[in-house]
>>> print(open('coords_1.txt').read())   # compact mmCIF, C-alpha atoms
# COMPACT_ATOMS: atom_id res chain seq x y z
CA MET A 1 -1.72 23.08 33.88
CA ASN A 2 -3.35 26.39 33.00
CA TYR A 3 0.11 27.81 33.07
CA VAL A 4 1.20 25.36 30.40
CA PHE A 5 -1.79 26.06 28.17
CA ASN A 6 -1.35 29.80 28.53
CA THR A 7 2.29 29.47 27.48
CA TRP A 8 1.32 27.43 24.46
CA LYS A 9 -1.36 29.96 23.60
CA LYS A 10 1.22 32.71 23.76
CA ILE A 11 3.92 30.91 21.78
CA PHE A 12 1.79 29.18 19.18
CA GLY A 13 -0.35 32.28 18.83
CA ASN A 14 2.69 33.71 17.12
CA TRP A 15 2.38 32.65 13.50
CA LYS A 16 6.12 32.00 13.20
CA TYR A 17 6.09 29.31 15.88
CA PHE A 18 2.82 27.90 14.62
CA LEU A 19 4.32 27.64 11.15
CA LEU A 20 7.52 26.09 12.53
CA THR A 21 5.46 23.50 14.40
CA PHE A 22 3.48 22.72 11.28
CA LEU A 23 6.62 22.47 9.13
CA ILE A 24 8.48 20.20 11.54
CA ALA A 25 5.38 18.01 11.95
CA PHE A 26 5.00 17.85 8.18
CA LEU A 27 8.67 16.97 7.75
CA PHE A 28 8.50 14.21 10.34
CA TYR A 29 5.36 12.77 8.73
CA SER A 30 6.92 13.08 5.27
CA LEU A 31 10.05 11.33 6.46
CA ASN A 32 7.91 8.37 7.51
CA VAL A 33 6.28 8.30 4.10
CA VAL A 34 9.58 8.63 2.23
CA ILE A 35 11.28 5.92 4.28
CA SER A 36 8.33 3.56 3.80
CA ASN A 37 8.36 4.12 0.04
CA MET A 38 12.02 4.77 -0.56
CA ALA A 39 12.44 2.02 -3.17
CA SER A 40 9.40 3.16 -5.18
CA LEU A 41 10.46 6.80 -5.13
CA ILE A 42 14.07 6.14 -6.10
CA LYS A 43 13.04 3.86 -8.93
CA PHE A 44 10.35 6.24 -10.15
CA TYR A 45 12.76 9.17 -10.00
CA SER A 46 15.32 7.30 -12.06
CA GLU A 47 12.67 6.53 -14.66
CA VAL A 48 10.66 9.73 -15.01
CA GLY A 49 12.57 12.48 -13.25
CA LEU A 50 11.93 14.90 -10.45
CA PHE A 51 8.59 16.49 -11.30
CA LYS A 52 6.64 13.26 -11.70
CA SER A 53 8.40 11.83 -8.66
CA LEU A 54 7.13 14.77 -6.64
CA THR A 55 3.58 14.10 -7.75
CA LEU A 56 4.04 10.46 -6.77
CA PHE A 57 5.40 11.62 -3.42
CA PHE A 58 2.27 13.68 -2.79
CA SER A 59 0.08 10.74 -3.77
CA LEU A 60 2.02 8.58 -1.32
CA LEU A 61 1.69 11.28 1.30
CA LEU A 62 -2.09 11.37 0.93
CA GLY A 63 -2.38 7.62 0.64
CA PHE A 64 -0.19 6.81 3.63
CA LYS A 65 -3.22 6.39 5.88
CA ASP A 66 -4.38 3.48 3.71
CA THR A 67 -1.13 1.59 4.14
CA VAL A 68 -0.96 1.55 7.92
CA LEU A 69 -3.26 0.64 10.74
CA LEU A 70 -5.55 3.43 11.90
CA SER A 71 -3.91 3.32 15.34
CA SER A 72 -0.48 3.71 13.74
CA PHE A 73 -1.65 6.55 11.55
CA ILE A 74 -3.11 8.42 14.52
CA SER A 75 0.12 7.75 16.46
CA ILE A 76 2.27 9.14 13.66
CA ILE A 77 0.10 12.27 13.41
CA ILE A 78 0.22 12.85 17.17
CA ILE A 79 3.98 12.19 17.35
CA SER A 80 4.61 14.52 14.41
CA ILE A 81 2.64 17.33 16.04
CA LEU A 82 4.29 16.78 19.43
CA PHE A 83 7.72 16.76 17.83
CA GLY A 84 6.89 19.97 15.99
CA MET A 85 5.71 21.58 19.23
CA LEU A 86 8.85 20.48 21.05
CA VAL A 87 11.15 21.92 18.39
CA SER A 88 9.17 25.19 18.41
CA LEU A 89 9.35 25.46 22.20
CA LEU A 90 13.07 24.77 22.19
CA THR A 91 13.55 27.34 19.42
CA TYR A 92 11.54 29.89 21.39
CA ARG A 93 13.63 29.18 24.44
CA LYS A 94 16.88 29.40 22.54
CA LYS A 95 15.77 32.72 21.12
CA LEU A 96 15.31 34.00 24.66
CA GLN A 97 18.83 32.68 25.32
CA PHE A 98 17.92 30.74 28.39
CA ASN A 99 20.13 28.00 29.69
CA LYS A 100 19.59 24.58 28.31
CA ILE A 101 17.07 22.39 30.04
CA ASN A 102 18.56 19.30 31.54
CA ASN A 103 17.33 15.98 30.21
CA VAL A 104 14.95 17.39 27.63
CA GLY A 105 17.20 16.44 24.74
CA PHE A 106 17.69 13.01 26.21
CA ILE A 107 14.00 12.46 26.89
CA SER A 108 12.93 13.70 23.47
CA GLY A 109 15.64 11.54 21.92
CA ILE A 110 14.20 8.47 23.60
CA GLY A 111 10.71 9.54 22.53
CA LEU A 112 11.81 9.90 18.95
CA ILE A 113 13.68 6.60 18.96
CA LEU A 114 10.52 4.89 20.14
CA ALA A 115 8.50 6.92 17.65
CA SER A 116 10.65 5.53 14.88
CA PHE A 117 9.26 2.09 15.70
CA VAL A 118 5.69 3.12 15.05
CA PRO A 119 4.50 0.14 13.07
CA GLY A 120 2.60 0.04 9.83
CA CYS A 121 1.32 -3.47 9.94
CA ALA A 122 3.00 -6.30 11.74
CA ALA A 123 4.50 -7.60 8.53
CA CYS A 124 5.45 -4.32 6.93
CA GLY A 125 8.22 -1.84 7.58
CA VAL A 126 8.39 0.00 10.87
CA GLY A 127 8.49 3.63 9.91
CA LEU A 128 11.82 5.30 10.41
CA ALA A 129 13.35 2.23 11.99
CA SER A 130 13.38 0.59 8.59
CA VAL A 131 16.28 2.91 7.78
CA ILE A 132 18.47 0.61 9.84
CA GLY A 133 17.01 -2.42 8.10
CA LEU A 134 14.44 -3.35 10.70
CA SER A 135 11.08 -4.59 9.62
CA ALA A 136 8.23 -5.03 12.04
CA GLY A 137 8.52 -8.79 12.38
CA PHE A 138 9.78 -8.43 15.92
CA LEU A 139 6.72 -6.33 16.84
CA THR A 140 4.57 -9.44 16.48
CA PHE A 141 6.16 -10.63 19.72
CA LEU A 142 4.81 -7.62 21.60
CA PRO A 143 1.33 -8.00 23.11
CA TYR A 144 -0.12 -4.99 21.30
CA LYS A 145 2.01 -5.40 18.17
CA GLY A 146 3.99 -2.23 18.75
CA LEU A 147 1.15 0.07 19.72
CA GLU A 148 2.64 0.16 23.22
CA LEU A 149 5.80 1.73 21.78
CA SER A 150 3.76 4.39 20.02
CA ILE A 151 1.87 5.25 23.19
CA LEU A 152 5.09 5.28 25.22
CA SER A 153 6.65 7.56 22.65
CA ILE A 154 3.68 9.95 22.81
CA ILE A 155 3.85 10.01 26.61
CA ILE A 156 7.59 10.71 26.58
CA LEU A 157 7.31 13.49 24.00
CA ALA A 158 4.35 15.03 25.83
CA THR A 159 6.33 14.91 29.07
CA ALA A 160 9.29 16.58 27.38
CA ILE A 161 7.01 19.33 26.03
CA ILE A 162 5.42 19.96 29.42
CA GLN A 163 8.85 19.96 31.03
CA VAL A 164 10.14 22.54 28.55
CA THR A 165 7.02 24.66 28.99
CA ASN A 166 7.21 24.55 32.76
CA LYS A 167 10.88 25.43 32.80
CA LEU A 168 10.16 28.25 30.41
CA TYR A 169 8.40 30.01 33.26
CA LYS A 170 10.30 28.73 36.24
CA CYS A 171 13.64 29.46 34.73
CA ASN A 172 12.99 33.20 34.84
CA ILE A 173 12.71 33.08 38.60
CA VAL A 174 15.62 30.69 39.01
CA LEU A 175 17.84 32.82 36.84
CA LYS A 176 17.04 35.92 38.88
CA ASN A 177 17.76 34.07 42.09
CA GLU A 178 20.97 32.69 40.74
CA ARG A 179 22.11 36.12 39.64
CA ARG A 180 21.59 37.46 43.11
CA MET B 1 18.84 22.57 48.98
CA SER B 2 17.13 19.35 49.97
CA GLU B 3 14.20 20.20 47.68
CA GLY B 4 16.63 20.72 44.87
CA THR B 5 18.18 17.35 45.51
CA ILE B 6 14.77 15.71 45.43
CA THR B 7 14.00 17.34 42.09
CA ILE B 8 17.25 16.10 40.61
CA LYS B 9 16.58 12.60 41.86
CA LYS B 10 13.17 12.58 40.26
CA GLN B 11 14.70 13.68 37.01
CA GLU B 12 17.41 11.07 37.33
CA LEU B 13 14.82 8.43 38.09
CA TRP B 14 12.86 9.38 35.00
CA LYS B 15 16.01 9.49 32.94
CA TYR B 16 17.31 6.13 34.09
CA SER B 17 13.94 4.38 33.91
CA THR B 18 13.55 5.53 30.32
CA PHE B 19 17.08 4.48 29.54
CA LEU B 20 16.46 1.13 31.22
CA LEU B 21 13.34 0.64 29.15
CA LEU B 22 15.32 1.28 26.00
CA ILE B 23 18.03 -1.15 27.08
CA ILE B 24 15.40 -3.81 27.79
CA PHE B 25 13.88 -3.16 24.43
CA VAL B 26 17.22 -3.46 22.65
CA ILE B 27 18.10 -6.63 24.57
CA GLU B 28 14.69 -8.06 23.73
CA ALA B 29 15.25 -7.27 20.09
CA PHE B 30 18.68 -8.92 20.17
CA VAL B 31 17.29 -12.00 21.92
CA ILE B 32 14.52 -12.28 19.36
CA PHE B 33 16.83 -11.76 16.43
CA GLY B 34 19.47 -13.98 17.99
CA ASN B 35 17.06 -16.85 18.53
CA LYS B 36 15.30 -16.46 15.26
CA THR B 37 18.42 -15.76 13.25
CA ASP B 38 16.77 -12.93 11.41
CA THR B 39 13.73 -14.90 10.48
CA VAL B 40 10.10 -15.27 11.24
CA VAL B 41 9.04 -18.88 10.98
CA VAL B 42 6.51 -19.28 8.24
CA ASN B 43 5.23 -22.81 8.76
CA ASN B 44 6.72 -26.20 9.16
CA PRO B 45 8.37 -27.43 7.01
CA THR B 46 8.61 -24.25 5.06
CA PRO B 47 11.11 -21.53 4.30
CA THR B 48 11.22 -18.33 6.24
CA VAL B 49 10.57 -14.66 5.82
CA PRO B 50 13.39 -12.35 6.86
CA THR B 51 12.58 -9.71 9.42
CA THR B 52 15.55 -7.62 8.53
CA GLY B 53 14.91 -5.70 5.38
CA PRO B 54 16.96 -6.66 2.42
CA THR B 55 19.00 -4.01 0.74
CA GLU B 56 16.74 -2.33 -1.75
CA PRO B 57 17.73 -3.74 -5.10
CA SER B 58 18.85 -1.24 -7.67
CA GLN B 59 17.07 -3.35 -10.24
CA VAL B 60 13.74 -4.77 -9.19
CA ARG B 61 13.07 -7.98 -11.02
CA ALA B 62 10.10 -10.26 -10.65
CA SER B 63 8.83 -12.85 -13.04
CA VAL B 64 5.31 -13.79 -14.00
CA ASP B 65 6.35 -17.40 -13.43
CA ASP B 66 3.47 -19.77 -14.12
CA ASP B 67 1.05 -17.89 -11.95
CA PRO B 68 -2.54 -16.84 -12.65
CA VAL B 69 -3.04 -13.85 -14.89
CA LEU B 70 -5.95 -11.44 -14.80
CA GLY B 71 -6.43 -9.55 -18.04
CA ASP B 72 -4.86 -9.62 -21.47
CA LYS B 73 -1.69 -11.71 -21.43
CA ASN B 74 -0.16 -9.41 -24.04
CA ALA B 75 -0.84 -6.23 -22.08
CA LYS B 76 1.98 -3.69 -22.17
CA VAL B 77 2.19 -3.32 -18.40
CA THR B 78 2.30 -6.13 -15.86
CA ILE B 79 1.49 -5.76 -12.18
CA ILE B 80 2.91 -8.63 -10.19
CA GLU B 81 1.13 -8.76 -6.87
CA PHE B 82 2.71 -10.67 -4.01
CA SER B 83 -0.11 -11.12 -1.57
CA ASP B 84 -1.33 -12.94 1.50
CA TYR B 85 -4.94 -14.10 1.66
CA GLN B 86 -5.19 -13.39 5.38
CA CYS B 87 -3.54 -9.98 5.37
CA PRO B 88 -6.04 -7.16 6.03
CA PHE B 89 -4.06 -4.74 3.85
CA CYS B 90 -4.19 -7.21 0.93
CA GLU B 91 -7.95 -7.31 1.40
CA ARG B 92 -7.98 -3.51 1.40
CA PHE B 93 -6.12 -3.48 -1.91
CA TYR B 94 -8.55 -6.07 -3.28
CA SER B 95 -11.66 -4.17 -2.22
CA GLU B 96 -10.57 -0.55 -2.74
CA THR B 97 -7.78 -0.25 -5.30
CA LEU B 98 -8.06 -3.29 -7.55
CA PRO B 99 -11.59 -2.50 -8.81
CA GLN B 100 -10.36 0.87 -10.09
CA ILE B 101 -7.25 -0.64 -11.69
CA LYS B 102 -9.43 -3.33 -13.24
CA LYS B 103 -11.93 -0.87 -14.64
CA GLU B 104 -9.41 1.59 -16.03
CA TYR B 105 -6.52 -0.60 -17.11
CA ILE B 106 -7.14 -4.35 -16.96
CA ASP B 107 -10.52 -4.40 -18.69
CA THR B 108 -9.15 -2.08 -21.37
CA GLY B 109 -6.26 -4.43 -22.12
CA LYS B 110 -3.52 -2.06 -21.02
CA VAL B 111 -2.48 -3.92 -17.90
CA LYS B 112 -2.45 -7.48 -16.68
CA LEU B 113 -2.26 -8.52 -13.06
CA VAL B 114 -0.37 -11.60 -11.95
CA TYR B 115 -1.22 -12.92 -8.53
CA ARG B 116 1.64 -14.55 -6.63
CA ASP B 117 1.59 -15.85 -3.08
CA PHE B 118 3.43 -14.26 -0.21
CA PRO B 119 1.94 -16.01 2.83
CA LEU B 120 3.25 -14.71 6.15
CA ASP B 121 2.36 -17.75 8.17
CA SER B 122 3.87 -16.57 11.41
CA ILE B 123 1.11 -14.00 11.73
CA HIS B 124 -1.45 -15.37 9.26
CA PRO B 125 -1.75 -19.14 9.78
CA MET B 126 -4.54 -19.51 7.20
CA ALA B 127 -2.62 -17.73 4.44
CA THR B 128 -0.91 -20.83 3.06
CA PRO B 129 -4.02 -23.09 3.14
CA ALA B 130 -5.91 -20.34 1.31
CA ALA B 131 -3.12 -20.02 -1.27
CA LEU B 132 -3.09 -23.80 -1.72
CA ALA B 133 -6.87 -23.89 -2.09
CA ALA B 134 -6.78 -21.23 -4.79
CA GLU B 135 -4.07 -23.17 -6.65
CA CYS B 136 -6.15 -26.35 -6.39
CA VAL B 137 -9.12 -24.54 -7.93
CA ARG B 138 -6.88 -23.20 -10.68
CA GLU B 139 -5.71 -26.71 -11.53
CA LYS B 140 -9.31 -27.65 -12.25
CA GLY B 141 -10.70 -24.46 -13.72
CA LYS B 142 -7.72 -22.44 -15.02
CA ASP B 143 -7.10 -18.77 -14.30
CA ALA B 144 -10.72 -17.66 -14.46
CA ALA B 145 -11.65 -20.11 -11.73
CA TYR B 146 -8.60 -19.08 -9.74
CA PHE B 147 -9.71 -15.48 -9.62
CA LYS B 148 -13.26 -16.48 -8.64
CA MET B 149 -11.76 -18.34 -5.69
CA HIS B 150 -9.41 -15.41 -5.04
CA ASP B 151 -12.40 -13.08 -4.82
CA LYS B 152 -14.31 -15.47 -2.61
CA ILE B 153 -11.42 -15.80 -0.17
CA PHE B 154 -10.91 -12.04 0.16
CA GLU B 155 -14.63 -11.39 0.46
CA ASN B 156 -14.84 -13.91 3.30
CA GLN B 157 -11.44 -13.26 4.83
CA GLN B 158 -12.80 -13.24 8.38
CA GLN B 159 -14.17 -16.78 7.98
CA LEU B 160 -11.01 -18.45 6.70
CA SER B 161 -10.79 -22.12 7.63
CA GLU B 162 -9.88 -25.29 5.75
CA SER B 163 -13.47 -26.51 5.78
CA ASN B 164 -14.70 -23.16 4.45
CA LEU B 165 -12.05 -23.18 1.73
CA LYS B 166 -13.26 -26.58 0.61
CA SER B 167 -16.91 -25.55 0.70
CA TRP B 168 -16.22 -22.28 -1.18
CA ALA B 169 -14.47 -24.32 -3.88
CA LYS B 170 -17.51 -26.61 -4.03
CA GLU B 171 -19.76 -23.57 -4.41
CA LEU B 172 -17.69 -22.69 -7.48
CA GLY B 173 -18.10 -26.25 -8.74
CA TYR B 174 -14.75 -27.74 -7.78
CA ASN B 175 -13.88 -30.46 -5.32
CA ILE B 176 -10.44 -29.67 -3.93
CA ASP B 177 -10.57 -31.83 -0.80
CA ASP B 178 -7.81 -34.25 -1.83
CA CYS B 179 -5.68 -31.54 -3.40
CA LEU B 180 -5.84 -29.32 -0.33
CA ASP B 181 -5.26 -32.18 2.11
CA SER B 182 -2.20 -33.36 0.20
CA LYS B 183 -0.79 -29.80 -0.02
CA LYS B 184 -0.11 -30.51 -3.65
CA PHE B 185 0.94 -26.99 -4.55
CA MET B 186 3.11 -26.27 -1.54
CA SER B 187 6.29 -26.01 -3.61
CA GLU B 188 4.57 -23.55 -5.96
CA VAL B 189 3.51 -21.36 -3.04
CA ARG B 190 6.99 -21.54 -1.51
CA LYS B 191 8.58 -20.55 -4.79
CA ASP B 192 6.35 -17.47 -4.93
CA LEU B 193 7.33 -16.58 -1.39
CA SER B 194 10.99 -16.98 -2.20
CA ASP B 195 10.63 -14.84 -5.34
CA ALA B 196 8.80 -12.15 -3.35
CA GLN B 197 11.73 -11.89 -0.97
CA ALA B 198 14.25 -11.93 -3.79
CA SER B 199 12.49 -9.05 -5.52
CA GLY B 200 12.62 -6.92 -2.37
CA GLY B 201 9.29 -7.70 -0.72
CA ARG B 202 9.33 -7.01 3.00
CA GLY B 203 5.64 -7.16 3.75
CA THR B 204 2.30 -7.66 2.12
CA PRO B 205 0.91 -6.63 -0.22
CA TYR B 206 3.96 -6.02 -2.38
CA PHE B 207 3.87 -5.18 -6.07
CA VAL B 208 6.34 -4.99 -8.89
CA ILE B 209 5.08 -3.03 -11.87
CA LEU B 210 6.78 -3.98 -15.11
CA GLY B 211 6.73 -2.06 -18.33
CA SER B 212 8.50 -2.86 -21.55
CA ASN B 213 11.72 -3.86 -19.81
CA GLU B 214 12.45 -6.33 -17.05
CA ASP B 215 13.30 -3.67 -14.50
CA GLY B 216 10.20 -3.00 -12.44
CA THR B 217 8.98 -0.34 -10.04
CA PRO B 218 8.27 -1.68 -6.57
CA VAL B 219 5.21 -0.60 -4.59
CA SER B 220 4.83 -1.52 -0.94
CA GLY B 221 1.55 -1.68 0.89
CA ALA B 222 -2.08 -1.16 0.00
CA GLN B 223 -1.46 2.10 -1.81
CA PRO B 224 -4.46 3.98 -3.16
CA PHE B 225 -5.32 4.06 -6.86
CA PRO B 226 -3.56 7.40 -7.68
CA VAL B 227 -0.19 5.87 -6.76
CA PHE B 228 -0.70 2.93 -9.11
CA LYS B 229 -2.15 5.21 -11.78
CA GLN B 230 0.95 7.38 -11.90
CA ILE B 231 3.31 4.44 -12.16
CA ILE B 232 1.17 2.60 -14.71
CA ASP B 233 0.77 5.74 -16.85
CA SER B 234 4.52 6.27 -16.83
CA LYS B 235 5.04 2.69 -18.02
CA LEU B 236 2.41 3.05 -20.70
CA SER B 237 3.80 6.30 -22.08
>>> encode(input="coords_1.txt", output="C-alpha cells")
Amino acid sequence: MNYVFNTWKKIFGNWKYFLLTFLIAFLFYSLNVVISNMASLIKFYSEVGLFKSLTLFFSLLLGFKDTVLLSSFISIIIISILFGMLVSLLTYRKKLQFNKINNVGFISGIGLILASFVPGCAACGVGLASVIGLSAGFLTFLPYKGLELSILSIIILATAIIQVTNKLYKCNIVLKNERR
Amino acid sequence: MSEGTITIKKQELWKYSTFLLLIIFVIEAFVIFGNKTDTVVVNNPTPTVPTTGPTEPSQVRASVDDDPVLGDKNAKVTIIEFSDYQCPFCERFYSETLPQIKKEYIDTGKVKLVYRDFPLDSIHPMATPAALAAECVREKGKDAAYFKMHDKIFENQQQLSESNLKSWAKELGYNIDDCLDSKKFMSEVRKDLSDAQASGGRGTPYFVILGSNEDGTPVSGAQPFPVFKQIIDSKLS
C-alpha cells in the first residue's frame, strides 16, 4: 500500500497532474449540477444571456449541497475526486506510453455508470442518470435509497485507481521481461 | 504460467461479477418500471407521479389557480411553489430560504408566493393529509390562516399525524375534524399535483417563477437564497 501512496505522492506532487485531477473533479461535479438544473439554466440563459447565466451557474454550484442529502453530496465529492485521480493516472501512464491496462476502462466505466445514479433525494432527479430521463423514484425500492450504489461506485473507482497505480510499477518489470 | 492464469481469472471474476451486478440492476429497474408502468403510486384512489422525467418544456407554465397567496396579490413577480409537507427539502426551503425571500421581496410587495401541493405519497404518506388539513384551515380562516397552519406543519414536520394535524388546527382556533375526515379537498390537492407534473416538476420542492409574462423559470430543489435572488431580480428588472 505504501507503494501506491508513494506513486500518488510522486504523480500528484507534480502540479500538472494535481491541476488535471482538480479540473476533472470540478467538471464531473459541475456536470451533476448542470444536469440537475438544466431547465433553470436553459430558461435563464434564454431570458438574460450568458453572463447572468454564469453567475446563476456558480450560485447553483455553491448551493448544490443544500439540494441533496449530505450522504449524496459527500458521495459526489468523493466520486469526483476519484474520477479526477483516475483520469490523471491514466494520462500519466499514457504519457509514459505504457500498454493499456486490461479492464481498467471497463471497471471505471461501471463505476461511473453507478456514480451517475447518485441520488439527490428519493423524489428528485438522480444526478447524471436524469439525462436519460430517469428520476430517483426507483431508488425508493432500494433498502438504502441508492446510497448503496454510491458506495459501490466509490469502491469500484477506488479499485480501478489502485489497479492502475499498481500496474504503473509492475508494468515496468513485465515489459522488461517481455522484451527479453 | 499458472500464476498468470490465476491472475487473469481473478480479473475475469471481478469483471464478470461487476457486469452481473449491472445486469441485475438493469433488470431490476426494468421490472420496477414494467410493473409500475412508469409511475410511483401516490395513494389510493389517487393519480400518480411519473418516475421518468418529462421532457423539459420549452415554455414553463404554471397557474396560480385558486391556491393560497402569501404577499401582495398584485406583486410583479410570482413564485409558485409546488411542495410536499413531509419532504425534508421542502422544510429546508421553508426554514432557510423562505425567510430571506419573505424579508427582501414578499414583505416589500415585490413578490408573492403561491403555495401549491405536490404530495409524493409513495414516500411521504402524511403529505396528503397535511395538505388536506391546511386546505381545511384555509376554508375557515382564508389565506392568512392557511399560512399559519403551513408554518405549524413544517415546524413540526417530524410529528406529522392526523391527530396532530387536527390538534394544531384547534390551536389556531379551527376545528377541521370533519373536513379532514371527509377528505373534502382531495380533488384540489390532486389538481395541484397534476399541474406540478404538467409544468415539469419531477421532485419536491419545485418552483416556477413568473414575471410579467406567462412563461416562467423553473427551479428544482431547495436552492439557497442567491439562486432565487438572481432569478427574481431578473424578473423585476
>>> atom_distance(input="coords_1.txt", atom1="CA of Leu96 (chain A)", atom2="CA of Ile154 (chain A)")
26.8 Å
>>> residues_near_point(input="coords_1.txt", point="(-4.4, -12.5, 6.1)", cutoff="10 Å", atoms="only C-alpha atoms", output="PyMOL selection string")
chain B and resi 83-91+119-121+123-128+130+153-154+157-158+160+204
>>> residues_near_point(input="coords_1.txt", point="(-0.1, 15.6, 13.7)", cutoff="12 Å", atoms="all atoms listed in the file", output="list in words")
Thr21, Phe22, Leu23, Ile24, Ala25, Phe26, Leu27, Phe28, Tyr29, Ser30, Ser72, Phe73, Ile74, Ser75, Ile76, Ile77, Ile78, Ile79, Ser80, Ile81, Leu82, Phe83, Gly84, Met85 and Ile154 of chain A
>>> atom_distance(input="coords_1.txt", atom1="CA of Thr91 (chain A)", atom2="CA of Ile156 (chain A)")
19.1 Å
>>> residues_around(input="coords_1.txt", residues="Glu96 (chain B)", least_positions_apart="4", cutoff="8 Å", atoms="all atoms listed in the file", output="ChimeraX atom specification")
/B:92,100,224
>>> atom_distance(input="coords_1.txt", atom1="CA of Met149 (chain B)", atom2="CA of Thr67 (chain A)")
24.6 Å
>>> residues_around(input="coords_1.txt", residues="Phe207 (chain B)", least_positions_apart="4", cutoff="10 Å", atoms="all atoms listed in the file", output="list in words")
Ala62, Thr78, Ile79, Ile80, Glu81, Phe82, Ser83, Leu113, Val114, Tyr115, Arg116, Ala196, Ser199, Gly200, Gly201, Gly216, Thr217, Pro218, Val219, Ser220, Gly221, Ala222, Gln223 and Phe228 of chain B
>>> closest_residue(input="coords_1.txt", among="A:Val87, A:Val68, A:Arg93, A:Phe18", to="Leu157 (chain A)", atoms="all atoms listed in the file")
A:Val87
>>> residues_around(input="coords_1.txt", residues="Lys148 (chain B)", least_positions_apart="6", cutoff="12 Å", atoms="all atoms listed in the file", output="PDB file with C-alpha atoms, keeping the file's coordinate frame")
ATOM      1  CA  PRO B  68      -2.540 -16.840 -12.650  1.00  0.00           C
ATOM      2  CA  LEU B  70      -5.950 -11.440 -14.800  1.00  0.00           C
ATOM      3  CA  ALA B 133      -6.870 -23.890  -2.090  1.00  0.00           C
ATOM      4  CA  ALA B 134      -6.780 -21.230  -4.790  1.00  0.00           C
ATOM      5  CA  GLU B 135      -4.070 -23.170  -6.650  1.00  0.00           C
ATOM      6  CA  VAL B 137      -9.120 -24.540  -7.930  1.00  0.00           C
ATOM      7  CA  ARG B 138      -6.880 -23.200 -10.680  1.00  0.00           C
ATOM      8  CA  GLY B 141     -10.700 -24.460 -13.720  1.00  0.00           C
ATOM      9  CA  LYS B 142      -7.720 -22.440 -15.020  1.00  0.00           C
ATOM     10  CA  PHE B 154     -10.910 -12.040   0.160  1.00  0.00           C
ATOM     11  CA  GLU B 155     -14.630 -11.390   0.460  1.00  0.00           C
ATOM     12  CA  TRP B 168     -16.220 -22.280  -1.180  1.00  0.00           C
ATOM     13  CA  ALA B 169     -14.470 -24.320  -3.880  1.00  0.00           C
ATOM     14  CA  LYS B 170     -17.510 -26.610  -4.030  1.00  0.00           C
ATOM     15  CA  GLU B 171     -19.760 -23.570  -4.410  1.00  0.00           C
ATOM     16  CA  LEU B 172     -17.690 -22.690  -7.480  1.00  0.00           C
ATOM     17  CA  GLY B 173     -18.100 -26.250  -8.740  1.00  0.00           C
ATOM     18  CA  TYR B 174     -14.750 -27.740  -7.780  1.00  0.00           C
TER      19      TYR B 174
END
>>> closest_residue(input="coords_1.txt", among="A:Leu20, A:Tyr3, A:Ala39, A:Trp8", to="Arg202 (chain B)", atoms="only C-alpha atoms")
A:Ala39
>>> closest_residue(input="coords_1.txt", among="A:Ile11, A:Leu86, A:Leu41, A:Val48", to="Ala160 (chain A)", atoms="all atoms listed in the file")
A:Leu86
